Amino acid sequence: MLCGFDDDLAQQATAVTNRIRGLLTQIHPALERVLGPRLDHPAVLDLIGTWPTPEALRKAGQKRIAARLRKLAPKMFNRLSEQVVAALDEQDVVVVGTSATGIVLPELAGMLAGIHEARAKVLARVEALVEAHPLHPVLTSMPAVGVRTAARILTDVVGKNFASAGHLASYAGLSPVTWRSGSSIRGDHASRRGNKALKRALYLSAFASLKDPVCRAYYDRKRHNQALVALARRRCDTLYAMLRDGTIYQPRATAA
């Protein structure tokens with residue numbers, strides 16, 4: 001239930017984020033380039049909620065913007081305030097409808113902040129449940145398996161009987177599928193079937209694992225999309241062996 005609720009909140013956060021970025025792009029593209037990628041930070045949402053229009057930000061000035069950002073972003077408030085002021089100077093034209101965004105953007109910023117707060121509460125509860133599970137040390141021993149990924153594995157994998165690693169990979173939608181049309185064969189492609197939530201969690205985990213030297217060495221042998229699918233499948237096979245034997249992750253030594 002908690003994993004499903006977190007997925008719903010993530011979708012809502014994505015929708016509200018896209019809406020905010022869309023509005024900022026319409027009225028001030030330069031400002032969107034600065035604030036848009038940082039909408040997951042509470043300081044940026046607070047800034048948008050306080051001064052939602054370019055005109056309001058200009059009247060506030062860099063000192064007040066920096067002071068406001070400093071409360072929630074003590075490490076980057078100076079740099080971010082400078083970027084905001086520089087972005088404001090890139091556009092002199094006031095787009096029709098800008099004043100209306102002064103009503104809409106604070107509401108959207110408040111909604112997004114509430115969603116982030118709700119996800120944090122859910123994550124804290126999920127983390128407590130994951131840490132209490134006997135398989136917690138086994139799952140988290142694998143690089144880039146965090147709380148949400150471990151929770152998804154416990155929810156969708158543990159307790160089910162998989163005859164082999166290939167069976168688990170097929171269930172997760174990581175087994176390649178050969179496309180055929182009559183007598184022609186188009187080669188192997190990623191499957192569109194399987195448990196989409198588990199597949200997404202394993203893909204994200206595989207992407208995050210690129211900081212690990214062993215995973216990175218395996219990834220670098222192929223092109224990006226192909227490499228990411230292959231890495232996710234390889235980690236799925238490793239996960240199957242870990243759950244089957246109850247052993248922690250043991251990385252192979254990287255080639256010299």
# chains A, B, ... in the order shown; residues from 1 in each chain; ligands from 1
call {"tool": "residues_around", "arguments": {"residues": "Thr149 of chain A", "least_positions_apart": "6", "cutoff": "9 Å", "atoms": "only C-alpha atoms", "output": "list in words"}}
result
Leu139, Leu198, Ala201, Leu202, Leu204 and Ser205 of chain A
call {"tool": "residues_around", "arguments": {"residues": "segment 29-34 of chain A", "least_positions_apart": "2", "cutoff": "12 Å", "atoms": "only C-alpha atoms", "output": "PyMOL selection string"}}
result
chain A and resi 17-27+36-39+44+48+52-55+57-58+79-95
call {"tool": "residues_around", "arguments": {"residues": "segment 230-245 of chain A", "least_positions_apart": "2", "cutoff": "9 Å", "atoms": "only C-alpha atoms", "output": "number ranges by chain"}}
result
A: 135, 138-139, 142, 158, 162, 164-166, 168-169, 172, 174-175, 199, 202-207, 215, 218-219, 222, 225-228, 247-249
call {"tool": "write_last_selection", "arguments": {"atoms": "C-alpha atoms", "output": "compact mmCIF listing (two decimals), in the first residue's frame"}}
result
# COMPACT_ATOMS: atom_id res chain seq x y z
CA LEU A 135 16.47 -9.47 3.94
CA VAL A 138 21.08 -8.72 1.72
CA LEU A 139 19.28 -6.27 -0.58
CA MET A 142 23.99 -4.43 -3.77
CA VAL A 158 10.00 -11.86 -2.18
CA PHE A 162 10.71 -18.17 -9.49
CA SER A 164 15.22 -19.49 -12.41
CA ALA A 165 16.87 -16.12 -12.88
CA GLY A 166 15.38 -16.03 -16.37
CA LEU A 168 12.46 -13.50 -12.59
CA ALA A 169 13.85 -11.42 -15.48
CA ALA A 172 10.35 -7.96 -14.43
CA LEU A 174 13.92 -7.57 -18.65
CA SER A 175 14.06 -10.57 -20.97
CA LYS A 199 11.11 -2.93 -14.13
CA LEU A 202 15.53 -2.01 -11.52
CA TYR A 203 16.27 0.36 -14.41
CA LEU A 204 16.71 3.32 -12.07
CA SER A 205 18.84 1.23 -9.75
CA ALA A 206 21.00 0.10 -12.68
CA PHE A 207 21.48 3.71 -13.79
CA CYS A 215 29.00 -1.85 -12.95
CA TYR A 218 30.28 -3.59 -17.66
CA TYR A 219 28.20 -0.63 -18.90
CA LYS A 222 28.00 -1.29 -24.93
CA ASN A 225 20.34 1.97 -24.11
CA GLN A 226 21.65 -1.51 -24.79
CA ALA A 227 24.11 -1.23 -21.90
CA LEU A 228 21.47 -0.11 -19.42
CA THR A 247 23.94 -14.09 0.67
CA ILE A 248 25.11 -10.50 0.41
CA TYR A 249 26.41 -8.94 -2.79
call {"tool": "closest_residue", "arguments": {"among": "A:Ala43, A:Leu108, A:Ala163, A:Val126", "to": "Lys75 of chain A", "atoms": "only C-alpha atoms"}}
result
A:Ala43
call {"tool": "atom_distance", "arguments": {"atom1": "atom CA of Asn161 of chain A", "atom2": "atom CA of Gly246 of chain A"}}
result
14.7 Å
call {"tool": "select_by_dssp", "arguments": {"residues": "segment 1-91 of chain A", "states": "helix (DSSP H, G or I)", "output": "PyMOL selection string"}}
result
chain A and resi 2-27+29-38+42-50+54-72+77-88
call {"tool": "residues_around", "arguments": {"residues": "segment 113-115 of chain A", "least_positions_apart": "2", "cutoff": "12 Å", "atoms": "only C-alpha atoms", "output": "PDB file with N, CA and C atoms, in the first residue's frame"}}
result
ATOM      1  N   PHE A   5       1.093   4.064  -2.910  1.00  0.00           N
ATOM      2  CA  PHE A   5       0.793   5.458  -2.599  1.00  0.00           C
ATOM      3  C   PHE A   5       1.960   6.354  -2.990  1.00  0.00           C
ATOM      4  N   ASP A   6       3.192   5.889  -2.765  1.00  0.00           N
ATOM      5  CA  ASP A   6       4.368   6.666  -3.147  1.00  0.00           C
ATOM      6  C   ASP A   6       4.432   6.822  -4.661  1.00  0.00           C
ATOM      7  N   ASP A   7       4.068   5.782  -5.397  1.00  0.00           N
ATOM      8  CA  ASP A   7       4.028   5.884  -6.859  1.00  0.00           C
ATOM      9  C   ASP A   7       3.011   6.934  -7.304  1.00  0.00           C
ATOM     10  N   ASP A   8       1.844   6.954  -6.649  1.00  0.00           N
ATOM     11  CA  ASP A   8       0.826   7.957  -6.984  1.00  0.00           C
ATOM     12  C   ASP A   8       1.339   9.369  -6.708  1.00  0.00           C
ATOM     13  N   LEU A   9       2.002   9.535  -5.560  1.00  0.00           N
ATOM     14  CA  LEU A   9       2.543  10.847  -5.218  1.00  0.00           C
ATOM     15  C   LEU A   9       3.623  11.273  -6.209  1.00  0.00           C
ATOM     16  N   ALA A  10       4.439  10.318  -6.647  1.00  0.00           N
ATOM     17  CA  ALA A  10       5.489  10.635  -7.620  1.00  0.00           C
ATOM     18  C   ALA A  10       4.880  11.116  -8.935  1.00  0.00           C
ATOM     19  N   GLN A  11       3.790  10.486  -9.365  1.00  0.00           N
ATOM     20  CA  GLN A  11       3.117  10.913 -10.593  1.00  0.00           C
ATOM     21  C   GLN A  11       2.524  12.312 -10.435  1.00  0.00           C
ATOM     22  N   GLN A  12       1.938  12.573  -9.273  1.00  0.00           N
ATOM     23  CA  GLN A  12       1.385  13.897  -9.023  1.00  0.00           C
ATOM     24  C   GLN A  12       2.489  14.960  -9.010  1.00  0.00           C
ATOM     25  N   ALA A  13       3.613  14.620  -8.383  1.00  0.00           N
ATOM     26  CA  ALA A  13       4.734  15.564  -8.334  1.00  0.00           C
ATOM     27  C   ALA A  13       5.248  15.873  -9.733  1.00  0.00           C
ATOM     28  N   THR A  14       5.323  14.860 -10.576  1.00  0.00           N
ATOM     29  CA  THR A  14       5.774  15.061 -11.951  1.00  0.00           C
ATOM     30  C   THR A  14       4.809  15.972 -12.711  1.00  0.00           C
ATOM     31  N   ALA A  15       3.502  15.721 -12.529  1.00  0.00           N
ATOM     32  CA  ALA A  15       2.502  16.530 -13.226  1.00  0.00           C
ATOM     33  C   ALA A  15       2.560  17.992 -12.782  1.00  0.00           C
ATOM     34  N   VAL A  16       2.660  18.240 -11.482  1.00  0.00           N
ATOM     35  CA  VAL A  16       2.706  19.622 -10.978  1.00  0.00           C
ATOM     36  C   VAL A  16       4.013  20.295 -11.392  1.00  0.00           C
ATOM     37  N   THR A  17       5.106  19.556 -11.333  1.00  0.00           N
ATOM     38  CA  THR A  17       6.399  20.103 -11.763  1.00  0.00           C
ATOM     39  C   THR A  17       6.354  20.535 -13.223  1.00  0.00           C
ATOM     40  N   LEU A  39      13.115  22.420  -8.888  1.00  0.00           N
ATOM     41  CA  LEU A  39      11.806  22.474  -8.236  1.00  0.00           C
ATOM     42  C   LEU A  39      11.643  21.425  -7.144  1.00  0.00           C
ATOM     43  N   ASP A  40      12.585  20.502  -7.025  1.00  0.00           N
ATOM     44  CA  ASP A  40      12.514  19.544  -5.926  1.00  0.00           C
ATOM     45  C   ASP A  40      13.132  20.114  -4.649  1.00  0.00           C
ATOM     46  N   HIS A  41      13.691  21.331  -4.743  1.00  0.00           N
ATOM     47  CA  HIS A  41      14.307  21.957  -3.568  1.00  0.00           C
ATOM     48  C   HIS A  41      13.285  22.869  -2.885  1.00  0.00           C
ATOM     49  N   PRO A  42      13.113  22.748  -1.572  1.00  0.00           N
ATOM     50  CA  PRO A  42      12.100  23.575  -0.879  1.00  0.00           C
ATOM     51  C   PRO A  42      12.382  25.068  -0.962  1.00  0.00           C
ATOM     52  N   ALA A  43      13.645  25.466  -1.077  1.00  0.00           N
ATOM     53  CA  ALA A  43      13.963  26.892  -1.163  1.00  0.00           C
ATOM     54  C   ALA A  43      13.413  27.508  -2.441  1.00  0.00           C
ATOM     55  N   VAL A  44      13.470  26.767  -3.534  1.00  0.00           N
ATOM     56  CA  VAL A  44      12.973  27.282  -4.812  1.00  0.00           C
ATOM     57  C   VAL A  44      11.453  27.391  -4.781  1.00  0.00           C
ATOM     58  N   LEU A  45      10.791  26.396  -4.212  1.00  0.00           N
ATOM     59  CA  LEU A  45       9.327  26.457  -4.109  1.00  0.00           C
ATOM     60  C   LEU A  45       8.904  27.609  -3.203  1.00  0.00           C
ATOM     61  N   ASP A  46       9.656  27.837  -2.139  1.00  0.00           N
ATOM     62  CA  ASP A  46       9.355  28.962  -1.248  1.00  0.00           C
ATOM     63  C   ASP A  46       9.542  30.288  -1.977  1.00  0.00           C
ATOM     64  N   LEU A  47      10.570  30.364  -2.820  1.00  0.00           N
ATOM     65  CA  LEU A  47      10.823  31.586  -3.578  1.00  0.00           C
ATOM     66  C   LEU A  47       9.690  31.860  -4.561  1.00  0.00           C
ATOM     67  N   ILE A  48       9.243  30.808  -5.260  1.00  0.00           N
ATOM     68  CA  ILE A  48       8.142  30.977  -6.211  1.00  0.00           C
ATOM     69  C   ILE A  48       6.852  31.350  -5.488  1.00  0.00           C
ATOM     70  N   GLY A  49       6.634  30.762  -4.339  1.00  0.00           N
ATOM     71  CA  GLY A  49       5.435  31.091  -3.573  1.00  0.00           C
ATOM     72  C   GLY A  49       5.448  32.516  -3.039  1.00  0.00           C
ATOM     73  N   PRO A 106       1.941  30.330  -7.045  1.00  0.00           N
ATOM     74  CA  PRO A 106       2.025  30.050  -5.615  1.00  0.00           C
ATOM     75  C   PRO A 106       1.195  28.838  -5.195  1.00  0.00           C
ATOM     76  N   GLU A 107       0.027  28.679  -5.823  1.00  0.00           N
ATOM     77  CA  GLU A 107      -0.800  27.514  -5.497  1.00  0.00           C
ATOM     78  C   GLU A 107      -0.110  26.217  -5.921  1.00  0.00           C
ATOM     79  N   LEU A 108       0.456  26.224  -7.118  1.00  0.00           N
ATOM     80  CA  LEU A 108       1.155  25.033  -7.598  1.00  0.00           C
ATOM     81  C   LEU A 108       2.393  24.739  -6.754  1.00  0.00           C
ATOM     82  N   ALA A 109       3.116  25.801  -6.365  1.00  0.00           N
ATOM     83  CA  ALA A 109       4.299  25.606  -5.526  1.00  0.00           C
ATOM     84  C   ALA A 109       3.915  25.012  -4.170  1.00  0.00           C
ATOM     85  N   GLY A 110       2.803  25.488  -3.615  1.00  0.00           N
ATOM     86  CA  GLY A 110       2.327  24.921  -2.352  1.00  0.00           C
ATOM     87  C   GLY A 110       1.910  23.473  -2.493  1.00  0.00           C
ATOM     88  N   MET A 111       1.248  23.139  -3.601  1.00  0.00           N
ATOM     89  CA  MET A 111       0.851  21.758  -3.854  1.00  0.00           C
ATOM     90  C   MET A 111       2.078  20.844  -3.959  1.00  0.00           C
ATOM     91  N   GLU A 117       6.461  16.736   0.933  1.00  0.00           N
ATOM     92  CA  GLU A 117       6.382  16.440   2.374  1.00  0.00           C
ATOM     93  C   GLU A 117       5.701  15.099   2.610  1.00  0.00           C
ATOM     94  N   ALA A 118       4.640  14.820   1.851  1.00  0.00           N
ATOM     95  CA  ALA A 118       3.941  13.545   1.993  1.00  0.00           C
ATOM     96  C   ALA A 118       4.850  12.377   1.599  1.00  0.00           C
ATOM     97  N   ARG A 119       5.624  12.555   0.530  1.00  0.00           N
ATOM     98  CA  ARG A 119       6.552  11.493   0.109  1.00  0.00           C
ATOM     99  C   ARG A 119       7.624  11.250   1.161  1.00  0.00           C
ATOM    100  N   ALA A 120       8.068  12.302   1.811  1.00  0.00           N
ATOM    101  CA  ALA A 120       9.072  12.139   2.865  1.00  0.00           C
ATOM    102  C   ALA A 120       8.516  11.335   4.038  1.00  0.00           C
ATOM    103  N   LYS A 121       7.248  11.588   4.390  1.00  0.00           N
ATOM    104  CA  LYS A 121       6.622  10.832   5.474  1.00  0.00           C
ATOM    105  C   LYS A 121       6.455   9.359   5.096  1.00  0.00           C
ATOM    106  N   VAL A 122       6.015   9.132   3.861  1.00  0.00           N
ATOM    107  CA  VAL A 122       5.853   7.756   3.403  1.00  0.00           C
ATOM    108  C   VAL A 122       7.203   7.043   3.369  1.00  0.00           C
TER     109      VAL A 122
END
call {"tool": "atom_distance", "arguments": {"atom1": "atom CA of Arg193 of chain A", "atom2": "atom CA of Gly173 of chain A"}}
result
5.3 Å
call {"tool": "atom_distance", "arguments": {"atom1": "atom CA of Pro134 of chain A", "atom2": "atom CA of Leu154 of chain A"}}
result
10.5 Å
call {"tool": "closest_residue", "arguments": {"among": "A:Leu35, A:Gly194, A:Pro251, A:Ala151", "to": "Asp212 of chain A", "atoms": "only C-alpha atoms"}}
result
A:Pro251
call {"tool": "select_by_dssp", "arguments": {"residues": "segment 3-249 of chain A", "states": "strand (DSSP E)", "output": "CSV table (one decimal) with C-alpha atoms, in the first residue's frame"}}
result
chain,number,residue,atom,x,y,z
A,176,PRO,CA,14.7,-9.7,-24.6
A,177,VAL,CA,12.0,-10.5,-27.1
A,178,THR,CA,12.5,-11.4,-30.8
A,179,TRP,CA,10.2,-9.5,-33.1
A,180,ARG,CA,9.0,-11.6,-36.0
A,181,SER,CA,6.8,-10.8,-39.0
A,184,SER,CA,11.5,-12.0,-41.3
A,185,ILE,CA,13.2,-11.7,-37.9
A,186,ARG,CA,13.9,-8.2,-36.7
A,187,GLY,CA,16.2,-9.1,-33.8
A,188,ASP,CA,15.9,-8.9,-30.1
A,189,HIS,CA,14.3,-5.9,-28.3
A,190,ALA,CA,13.4,-5.1,-24.8
